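Enquirer: Hey, dropping structure.csv in here, CSV, C-alpha atoms and all ligand atoms:
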```csv
chain,number,residue,atom,x,y,z
V,1,GLN,CA,-22.7,37.9,28.4
V,2,PHE,CA,-23.5,35.3,31.0
V,3,PRO,CA,-27.0,34.6,32.3
V,4,LYS,CA,-27.8,35.7,35.9
V,5,GLU,CA,-26.7,33.3,38.5
V,6,GLU,CA,-29.5,31.8,40.5
V,7,ASN,CA,-28.1,28.7,42.2
V,8,SER,CA,-24.9,26.8,42.9
V,9,LEU,CA,-25.0,25.0,39.5
V,10,ASP,CA,-25.1,28.4,37.7
V,11,ARG,CA,-22.0,29.5,39.6
V,12,LYS,CA,-20.2,26.2,38.8
V,13,VAL,CA,-21.0,26.3,35.0
V,14,LYS,CA,-20.2,30.0,34.8
V,15,ALA,CA,-16.9,29.5,36.6
V,16,PHE,CA,-16.0,26.6,34.2
V,17,LEU,CA,-17.0,28.6,31.1
V,18,GLU,CA,-15.1,31.7,32.2
V,19,GLU,CA,-12.0,29.7,33.1
V,20,ASN,CA,-12.0,28.0,29.7
V,21,ALA,CA,-13.1,30.8,27.5
V,22,ASN,CA,-9.8,30.9,25.6
V,23,ASN,CA,-9.1,27.1,25.7
V,24,TRP,CA,-11.6,25.8,23.1
V,25,ARG,CA,-9.5,24.5,20.2
V,26,ASP,CA,-11.7,21.9,18.6
V,27,MET,CA,-13.9,23.8,16.2
V,28,ASN,CA,-16.1,24.7,19.2
V,29,VAL,CA,-18.7,27.5,18.9
V,30,PRO,CA,-17.7,30.9,20.3
V,31,LEU,CA,-19.0,31.9,23.6
V,32,SER,CA,-21.5,34.3,22.1
V,33,ASP,CA,-23.1,31.5,20.0
V,34,GLY,CA,-23.3,29.4,23.1
V,35,LYS,CA,-25.3,32.2,24.8
V,36,ILE,CA,-27.6,32.4,21.7
V,37,LEU,CA,-28.4,28.6,22.0
V,38,TYR,CA,-29.0,29.1,25.8
V,39,ASP,CA,-31.5,31.9,25.2
V,40,LEU,CA,-33.3,30.0,22.4
V,41,ILE,CA,-34.0,27.1,24.8
V,42,ILE,CA,-35.0,29.3,27.7
V,43,GLU,CA,-37.3,31.5,25.7
V,44,ASN,CA,-39.1,28.6,24.1
V,45,LYS,CA,-39.0,26.3,27.2
V,46,TYR,CA,-37.5,23.5,25.1
V,47,THR,CA,-36.8,20.2,27.0
V,48,GLN,CA,-35.9,17.4,24.5
V,49,ALA,CA,-32.7,18.3,22.8
V,50,VAL,CA,-30.3,16.7,20.3
V,51,GLU,CA,-26.9,18.0,19.3
V,52,ILE,CA,-25.1,16.6,16.2
V,53,GLY,CA,-21.4,17.2,16.7
V,54,THR,CA,-20.3,17.4,20.3
V,55,SER,CA,-16.6,18.0,19.8
V,56,THR,CA,-15.2,18.7,23.3
V,57,GLY,CA,-18.5,20.0,24.5
V,58,HIS,CA,-18.7,23.8,24.5
V,59,SER,CA,-22.1,24.2,22.9
V,60,ALA,CA,-23.4,21.1,24.8
V,61,ILE,CA,-22.5,22.8,28.1
V,62,TRP,CA,-24.5,25.9,27.1
V,63,ILE,CA,-27.5,23.8,25.9
V,64,ALA,CA,-27.4,21.6,29.0
V,65,TRP,CA,-27.2,24.7,31.3
V,66,ALA,CA,-30.4,26.0,29.7
V,67,LEU,CA,-32.0,22.5,30.0
V,68,SER,CA,-31.2,22.5,33.7
V,69,LYS,CA,-33.6,25.4,34.0
V,70,THR,CA,-36.4,24.0,31.7
V,71,GLY,CA,-36.2,20.4,33.2
V,72,GLY,CA,-34.9,18.9,30.0
V,73,LYS,CA,-32.2,16.6,28.7
V,74,LEU,CA,-29.7,16.6,25.8
V,75,ILE,CA,-28.5,13.8,23.6
V,76,THR,CA,-25.2,14.8,22.0
V,77,ILE,CA,-23.4,12.8,19.3
V,78,GLU,CA,-19.7,12.7,18.5
V,79,ILE,CA,-17.7,10.3,16.2
V,80,ASP,CA,-14.2,11.1,17.4
V,81,LYS,CA,-13.3,9.1,20.5
V,82,GLU,CA,-10.7,11.5,21.9
V,83,ARG,CA,-13.1,14.5,21.7
V,84,TYR,CA,-16.0,12.4,23.1
V,85,VAL,CA,-13.8,11.5,26.2
V,86,GLN,CA,-12.7,15.1,26.6
V,87,ALA,CA,-16.3,16.3,26.3
V,88,LYS,CA,-17.4,13.9,29.0
V,89,ALA,CA,-14.7,15.2,31.3
V,90,ASN,CA,-15.7,18.8,30.6
V,91,PHE,CA,-19.4,18.0,31.3
V,92,LYS,CA,-18.4,16.7,34.7
V,93,LYS,CA,-16.2,19.7,35.5
V,94,ALA,CA,-18.9,22.1,34.4
V,95,GLY,CA,-21.4,20.2,36.6
V,96,VAL,CA,-23.9,19.6,33.8
V,97,HIS,CA,-23.3,15.9,33.2
V,98,LYS,CA,-26.6,14.7,34.6
V,99,TYR,CA,-28.4,16.7,31.8
V,100,ILE,CA,-26.4,15.1,29.0
V,101,ASP,CA,-26.5,11.7,27.4
V,102,ALA,CA,-23.3,11.7,25.3
V,103,ARG,CA,-23.0,9.2,22.5
V,104,LEU,CA,-19.9,8.1,20.7
V,105,ALA,CA,-21.3,7.3,17.3
V,106,ASP,CA,-21.5,8.1,13.6
V,107,ALA,CA,-24.5,10.5,13.5
V,108,HIS,CA,-25.2,9.4,9.9
V,109,GLU,CA,-26.3,6.1,11.5
V,110,LEU,CA,-27.5,7.1,14.9
V,111,VAL,CA,-29.7,10.1,13.9
V,112,PRO,CA,-32.2,8.0,11.9
V,113,GLN,CA,-32.4,5.6,14.8
V,114,LEU,CA,-33.2,8.1,17.5
V,115,PRO,CA,-36.6,7.3,19.0
V,116,GLY,CA,-37.9,10.9,19.2
V,117,LYS,CA,-39.8,13.2,19.9
V,118,TYR,CA,-37.6,16.3,20.3
V,119,ASP,CA,-38.1,20.0,20.4
V,120,PHE,CA,-34.6,21.3,19.8
V,121,VAL,CA,-31.9,20.2,17.4
V,122,PHE,CA,-28.5,21.8,17.0
V,123,SER,CA,-26.6,20.6,13.9
V,124,ASP,CA,-22.9,21.3,14.0
V,125,ALA,CA,-21.2,18.2,12.5
V,126,ASP,CA,-20.3,17.5,8.9
V,127,LYS,CA,-21.8,20.3,6.8
V,128,PHE,CA,-22.3,18.3,3.6
V,129,TRP,CA,-24.8,16.1,5.6
V,130,TYR,CA,-26.9,18.9,7.1
V,131,LYS,CA,-29.8,18.4,4.7
V,132,ASN,CA,-29.8,14.7,5.5
V,133,TYR,CA,-29.7,15.3,9.2
V,134,PHE,CA,-32.7,17.7,8.8
V,135,ILE,CA,-34.7,15.1,6.8
V,136,ASP,CA,-34.0,12.4,9.4
V,137,MET,CA,-34.9,14.7,12.3
V,138,ASP,CA,-38.0,16.3,10.8
V,139,PRO,CA,-40.5,13.5,11.6
V,140,LYS,CA,-39.1,13.4,15.2
V,141,LEU,CA,-39.4,17.2,15.7
V,142,LYS,CA,-42.5,18.5,17.6
V,143,VAL,CA,-44.5,21.4,16.2
V,144,GLY,CA,-43.2,24.5,18.0
V,145,GLY,CA,-39.7,22.9,18.1
V,146,CYS,CA,-36.7,24.1,16.0
V,147,PHE,CA,-33.8,22.8,14.0
V,148,ALA,CA,-30.8,25.1,14.5
V,149,ALA,CA,-27.7,24.8,12.3
V,150,HIS,CA,-24.3,26.3,12.9
V,151,ASN,CA,-22.0,27.9,10.4
V,152,THR,CA,-24.7,28.9,7.9
V,153,ALA,CA,-22.6,31.9,7.0
V,154,MET,CA,-19.9,29.5,5.6
V,155,ARG,CA,-19.7,29.0,1.9
V,156,VAL,CA,-19.0,25.3,2.1
V,157,PRO,CA,-20.7,22.4,0.2
V,158,GLY,CA,-23.9,21.3,1.9
V,159,VAL,CA,-24.8,24.5,3.7
V,160,GLY,CA,-26.4,26.1,0.6
V,161,ASP,CA,-28.4,22.9,-0.3
V,162,PHE,CA,-29.6,22.6,3.3
V,163,LEU,CA,-30.7,26.3,3.5
V,164,GLU,CA,-32.4,26.1,0.1
V,165,TYR,CA,-34.3,23.0,1.2
V,166,VAL,CA,-35.5,24.3,4.6
V,167,GLU,CA,-36.5,27.7,3.2
V,168,SER,CA,-38.7,25.9,0.6
V,169,LEU,CA,-40.7,24.2,3.3
V,170,LYS,CA,-44.1,25.8,4.0
V,171,ASN,CA,-44.4,24.2,7.5
V,172,TYR,CA,-41.1,25.7,8.7
V,173,GLU,CA,-40.1,29.3,9.2
V,174,THR,CA,-36.3,29.9,8.9
V,175,THR,CA,-34.6,32.9,10.4
V,176,PHE,CA,-31.0,33.7,11.4
V,177,ALA,CA,-29.8,34.4,14.9
V,178,ARG,CA,-28.8,38.0,15.3
V,179,GLY,CA,-25.2,38.5,16.5
V,180,SER,CA,-23.7,35.3,15.3
V,181,ARG,CA,-20.7,35.8,13.0
V,182,SER,CA,-20.6,32.1,12.0
V,183,GLY,CA,-24.3,32.1,11.3
V,184,ILE,CA,-27.0,30.1,13.1
V,185,SER,CA,-30.1,29.3,11.1
V,186,ILE,CA,-33.2,28.6,13.2
V,187,SER,CA,-35.9,26.6,11.5
V,188,LEU,CA,-39.1,26.7,13.5
V,189,LYS,CA,-41.6,23.9,12.9
V,190,LYS,CA,-45.0,25.6,12.5
V,191,ALA,CA,-47.1,22.6,11.5
V,192,ASP,CA,-46.7,18.9,10.6
V,193,ASN,CA,-45.9,18.1,7.0
V,194,THR,CA,-48.6,19.8,4.8
V,195,LYS,CA,-47.7,17.9,1.6
V,196,LYS,CA,-50.9,15.8,1.8
V,197,ASN,CA,-53.2,18.8,2.1
M,1,LIG,C1,-17.7,22.0,14.6
M,1,LIG,S1,-17.3,20.6,15.6
M,1,LIG,C2,-18.6,20.7,16.9
M,1,LIG,C3,-18.3,21.8,17.9
M,1,LIG,C4,-19.3,21.7,19.1
M,1,LIG,N1,-20.6,21.8,18.8
M,1,LIG,C5,-18.9,22.7,20.2
M,1,LIG,O1,-19.3,23.9,20.0
M,1,LIG,O2,-18.1,22.4,21.1
M,1,LIG,C6,-17.9,19.3,14.7
M,1,LIG,C7,-17.8,17.9,15.3
M,1,LIG,O3,-18.6,17.0,14.6
M,1,LIG,C8,-17.9,15.7,14.6
M,1,LIG,N2,-18.5,14.9,13.4
M,1,LIG,C9,-18.2,15.0,12.1
M,1,LIG,N3,-18.8,14.1,11.4
M,1,LIG,C10,-19.6,13.4,12.3
M,1,LIG,C11,-20.5,12.3,12.2
M,1,LIG,N4,-20.7,11.7,11.0
M,1,LIG,N5,-21.0,11.8,13.3
M,1,LIG,C12,-20.8,12.4,14.6
M,1,LIG,N6,-19.9,13.4,14.7
M,1,LIG,C13,-19.3,13.9,13.6
M,1,LIG,C14,-16.5,16.1,14.4
M,1,LIG,O4,-15.6,15.0,14.9
M,1,LIG,C15,-16.3,17.4,15.2
M,1,LIG,O5,-15.9,17.1,16.5
```
Go ahead and render the structure in this file as structure tokens.
Ligand SMILES: C[S@@+](CC[C@H](N)C(=O)[O-])C[C@H]1O[C@@H](n2cnc3c(N)ncnc32)[C@H](O)[C@@H]1O

Expert:
Amino acid sequence: QFPKEENSLDRKVKAFLEENANNWRDMNVPLSDGKILYDLIIENKYTQAVEIGTSTGHSAIWIAWALSKTGGKLITIEIDKERYVQAKANFKKAGVHKYIDARLADAHELVPQLPGKYDFVFSDADKFWYKNYFIDMDPKLKVGGCFAAHNTAMRVPGVGDFLEYVESLKNYETTFARGSRSGISISLKKADNTKKN
């Protein structure tokens, strides 16, 4: 399940994740989904990542761990102060804090203001806003980058609209990660907006 350890950071992150494997209580992704995100970043050599919905930091730790290998950095956004504080403490304990810029903010406001460009987005906050997050991130997403969204297997308001929208776009190819019970959609940007052509 865990990536091969190559250095002292790997040992530190792995030890933290193993020790806390059963302690995630704040809507965090399961460990197997964390590994899916890790692999996605490593395989595509992504370096400029944004996460919407930090909670206490499980997925961010996996993402940052991968970015420690690709030479990248993550901006992660959380609206709840307690979870944000806990996440920051977890990033330190796991040893990945220097790869993470954690923001306490309402993503509805911050996402449109992000300066861009990015090549990896993980959307895991309020599902009813997924389509809006996508529309706001699209111009900031590089060709070759991807917008991944969590819980796409959930029948909750917003997820269906989001999927219908991304699947209708000709310049994106949307697939679903194999092995995720919650569902992770992966929308790969193949070209810039083709509407004008
Ligand atoms: C499913 S949890 C994220 C789990 C996290 N990705 C992990 O695996 O550890 C969703 C989080 O999004 C946050 N959230 C909801 N609406 C938000 C908003 N408008 N802006 C920022 N964060 C938001 C919630 O407070 C919650 O902590």

Enquirer: Using the file's own x, y and z axes, what box holds all listed atoms of segment 137-143 of chain V with 8 Å on each side, keeping edges along x, y and z, and what are its centre and edge lengths in Å to one decimal, as AutoDock Vina command-line options?

Expert:
```
--center_x -39.7 --center_y 17.4 --center_z 14.2 --size_x 25.6 --size_y 24.0 --size_z 22.8
```

Enquirer: Excluding segment 120-136 of chain V and residues on its chain fewer than 6 positions from it, collect all residues at most 10 Å away from it, counting all atoms listed in the file, and give them as number ranges by chain.

Expert: V: 27-29, 37, 40-41, 44-55, 59-60, 63, 74-79, 107-108, 111-114, 142, 144-152, 154, 156-166, 184-188

Enquirer: When you look at segment 12-19 of chain V with a cut-off of 7 Å (counting all atoms listed in the file), what residues show up, excluding the ones that are within fewer than 4 positions of it in the same chain? I need them as a ChimeraX atom specification.

Expert: /V:8,94-95

Enquirer: At a cut-off of 12 Å, using all atoms listed in the file, what residues contact Asp39 of chain V? Leave out same-chain residues fewer than 2 positions from it and give the result as number ranges by chain.

Expert: V: 1-4, 32-37, 41-46, 62-67, 69-70, 177-178

Enquirer: So which one's closest to ligand LIG 1 (chain M), V:Lys92, V:Arg103, V:Arg181, V:Arg11? Using all atoms listed in the file, please.

Expert: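 Smallest distance to ligand LIG 1 (chain M) is found for V:Arg103.
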
Enquirer: Could you tell me how far atom CA of Asp101 of chain V lies from atom CA of Lys81 of chain V, in Å and to one decimal?

Expert: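 Here the two named atoms are 15.1 Å from each other.
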
Enquirer: Measuring between all atoms listed in the file, which one of V:Thr56, V:Ser182, V:Asn193, V:Asn90 shows the shortest distance to ligand LIG 1 (chain M)?

Expert: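 Ranked by minimum distance to ligand LIG 1 (chain M), first place goes to V:Thr56.
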
Enquirer: Please, what distance in Å, to one decimal, runs between atom CA of Glu82 of chain V and atom C2 of ligand LIG 1 (chain M)?

Expert: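 So the two atoms, atom CA of Glu82 of chain V and atom C2 of ligand LIG 1 (chain M), lie 13.1 Å apart.
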
Enquirer: Looking at only C-alpha atoms and all ligand atoms, which of V:Ala102, V:Leu169, V:Leu9, V:Val96 is the one that sits closest to ligand LIG 1 (chain M)?

Expert: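 Of V:Ala102, V:Leu169, V:Leu9, V:Val96, the one nearest ligand LIG 1 (chain M), counting only C-alpha atoms and all ligand atoms, is V:Ala102.
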
Enquirer: If I take atom C3 of ligand LIG 1 (chain M) and atom CA of Val143 of chain V, how far is one from the other in Å, to one decimal?

Expert: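 These atoms are spaced 26.3 Å apart.
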